[in-house]
Amino acid sequence: MEETPAKYLAMLQKHDTPTVCNAIELFDVRPRSWGFMGGEIKALFPQMPPIVGYATTATFRSALPQESGDGYSNIVEQVRRFESELPRPRVVVFQDVDESPCGATFGEVMCTIYQRYGCVGLITSGGARDLDQVEGKGFACFASSVIPSHAYCRILDVHVPVTVGGCLVRPGDIIHADRNGATTIPADLVPEIALACEKFVDAEREILGLLEGDASPSIEELAGAQQRMRQRQAAIVDEVRRELEAER
């Protein structure tokens, strides 16, 4: 797959996920109710900074015994696939296909493997465990629950489309996640979104800067600041495209 220049991923990592979502909306490339994970997917270590990476996807189940094989026998194949098919950094994204999570999708050993092979975090619709150990590694994780046992754990299919928190994620999609949640970024707009984030934050300063003093501004001043903010936001798409064209 075509690799996004690292400088744009680094730019995205400087911003929180809500700002990234705001920037995506400016380009009107998908409905505003699409592309992000629902509130059931929670940051387990909310103090960690945002992560950005290419999605390496898999399905998982743990409620019923398997006929043969080790529970995590597919992890080597999973690592082989993302090492050969995806650039770094990567974010592991699991869909738990049980009716409801039974066992933990991941623990210390899995996260250590993923981290060693270029992954910066893991997102699952299932459960988590070994939180102290994983947190100590600085490996960002997101899950729907915390469960002490891995039950009859097994990785099913790797590098397939998955749905996590109501959000469709395909192998190679760009993921941005932090304590606010997770979103996908349209792959062909990563440079635009990266540049737009900073401009969006600057535009919001029209209102936030006005409100920083001790006294409340007049309603007229507030209305003026809001109008300037909206005007600046409306200009962001054209500004970004001109900048990128000039770089080419």
# chains A, B, ... in the order shown; residues from 1 in each chain; ligands from 1

call {"tool": "residues_around", "arguments": {"residues": "region 38-53 of chain A", "least_positions_apart": "5", "cutoff": "7 Å", "atoms": "only C-alpha atoms", "output": "PyMOL selection string"}}
result
chain A and resi 9+13+16+88-91+120+125+135+140-144+165-166+174-179+181

call {"tool": "residues_around", "arguments": {"residues": "Phe106 (chain A)", "least_positions_apart": "6", "cutoff": "9 Å", "atoms": "only C-alpha atoms", "output": "list of chain:residue names"}}
result
A:Leu122, A:Thr124, A:Gly126, A:Gly127, A:Ala128, A:Arg129, A:Asp130, A:His150

call {"tool": "select_by_dssp", "arguments": {"residues": "region 103-212 of chain A", "states": "strand (DSSP E or B)", "output": "count of residues only"}}
result
38

call {"tool": "residues_around", "arguments": {"residues": "region 218-223 of chain A", "least_positions_apart": "5", "cutoff": "12 Å", "atoms": "only C-alpha atoms", "output": "PyMOL selection string"}}
result
chain A and resi 206-211+228-230

call {"tool": "atom_distance", "arguments": {"atom1": "CA of Cys102 (chain A)", "atom2": "CA of Ser73 (chain A)"}}
result
19.0 Å

call {"tool": "select_by_dssp", "arguments": {"residues": "region 17-226 of chain A", "states": "helix (DSSP H, G or I)", "output": "VMD selection string"}}
result
chain A and resid 17 to 26 75 to 85 108 to 116 131 to 136 187 to 210 219 to 226

call {"tool": "residues_around", "arguments": {"residues": "region 183-190 of chain A", "least_positions_apart": "6", "cutoff": "9 Å", "atoms": "only C-alpha atoms", "output": "count of residues only"}}
result
23

call {"tool": "residues_around", "arguments": {"residues": "region 77-87 of chain A", "least_positions_apart": "4", "cutoff": "7 Å", "atoms": "only C-alpha atoms", "output": "list of chain:residue names"}}
result
A:Met1, A:Glu3, A:Tyr54, A:Thr56, A:Val158, A:Gly172

call {"tool": "atom_distance", "arguments": {"atom1": "CA of Phe60 (chain A)", "atom2": "CA of Asp132 (chain A)"}}
result
22.6 Å

call {"tool": "atom_distance", "arguments": {"atom1": "CA of Arg242 (chain A)", "atom2": "CA of Lys14 (chain A)"}}
result
22.2 Å

call {"tool": "closest_residue", "arguments": {"among": "A:Ala194, A:Ala225, A:Ile155, A:Val146", "to": "Asn74 (chain A)", "atoms": "only C-alpha atoms"}}
result
A:Ile155
